[in-house]
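Heads up: the structure comes next, in structure tokens.
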Amino acid sequence: MRYRSSLARVRGLGAAKSGTERWWQERVSSALSIPATLFLIWLGIRMPGLSHSEVTQILGHPTVAIGLILALSTLFWHMMLGMQVIIEDYVHGASRLPLLIANHLFVAAFWSAGAYAVLRLSIGGQ
């Protein structure tokens with residue numbers, strides 16, 4: 001017994017088969033964002049009152065650099081997933097695909113800039 005109308009069968013509309021995977025990605029990125037945010041808050045609390053060279057030294061430490069890159073990755077991934085859901089749910093028509101592409105490009109550009117800055121501090125100093 002089929003519950004879909006003949007028009008729906010002809011159009012081929014139905015489940016996209018990726019809802020569960022997306023749901024899990026959102027939950028995992030949300031859970032990973034908690035320690036990433038706590039790390040950034042802890043790091044921000046340590047910084048006031050320090051000189052530029054002391055801040056550079058702290059941010060250049062390998063453990064802190066790895067933590068910063070992981071935090072950037074987690075938070076940008078979570079942001080990308082959230083914006084993608086908003087675009088898919090509320091934008092219709094021809095503007096949907098360009099917005100989805102722009103979302104990915106925005107995240108890639110800003111993650112790359114952040115990772116470059118952290119790596120530059122960590123490897124090359126200032």
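Numbering starts fresh at 1 for the residues of each chain in the structure tokens, the chains themselves are lettered A, B, ... in the order given, and ligands are numbered from 1 as they appear.
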
field: DSSP-assigned helix (DSSP H, G or I) members of chain A, reported as a ChimeraX atom specification
entry: /A:6-11,19-46,52-60,62-90,96-124

query: Ser29 of chain A: which residues within 12 Å, counting only C-alpha atoms, same-chain residues fewer than 5 positions away excluded, as a ChimeraX atom specification?
result: /A:22-24,34-37,70-82

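Here atom CA of Ile101 of chain A stands at a distance of 10.7 Å from atom CA of Ile87 of chain A.
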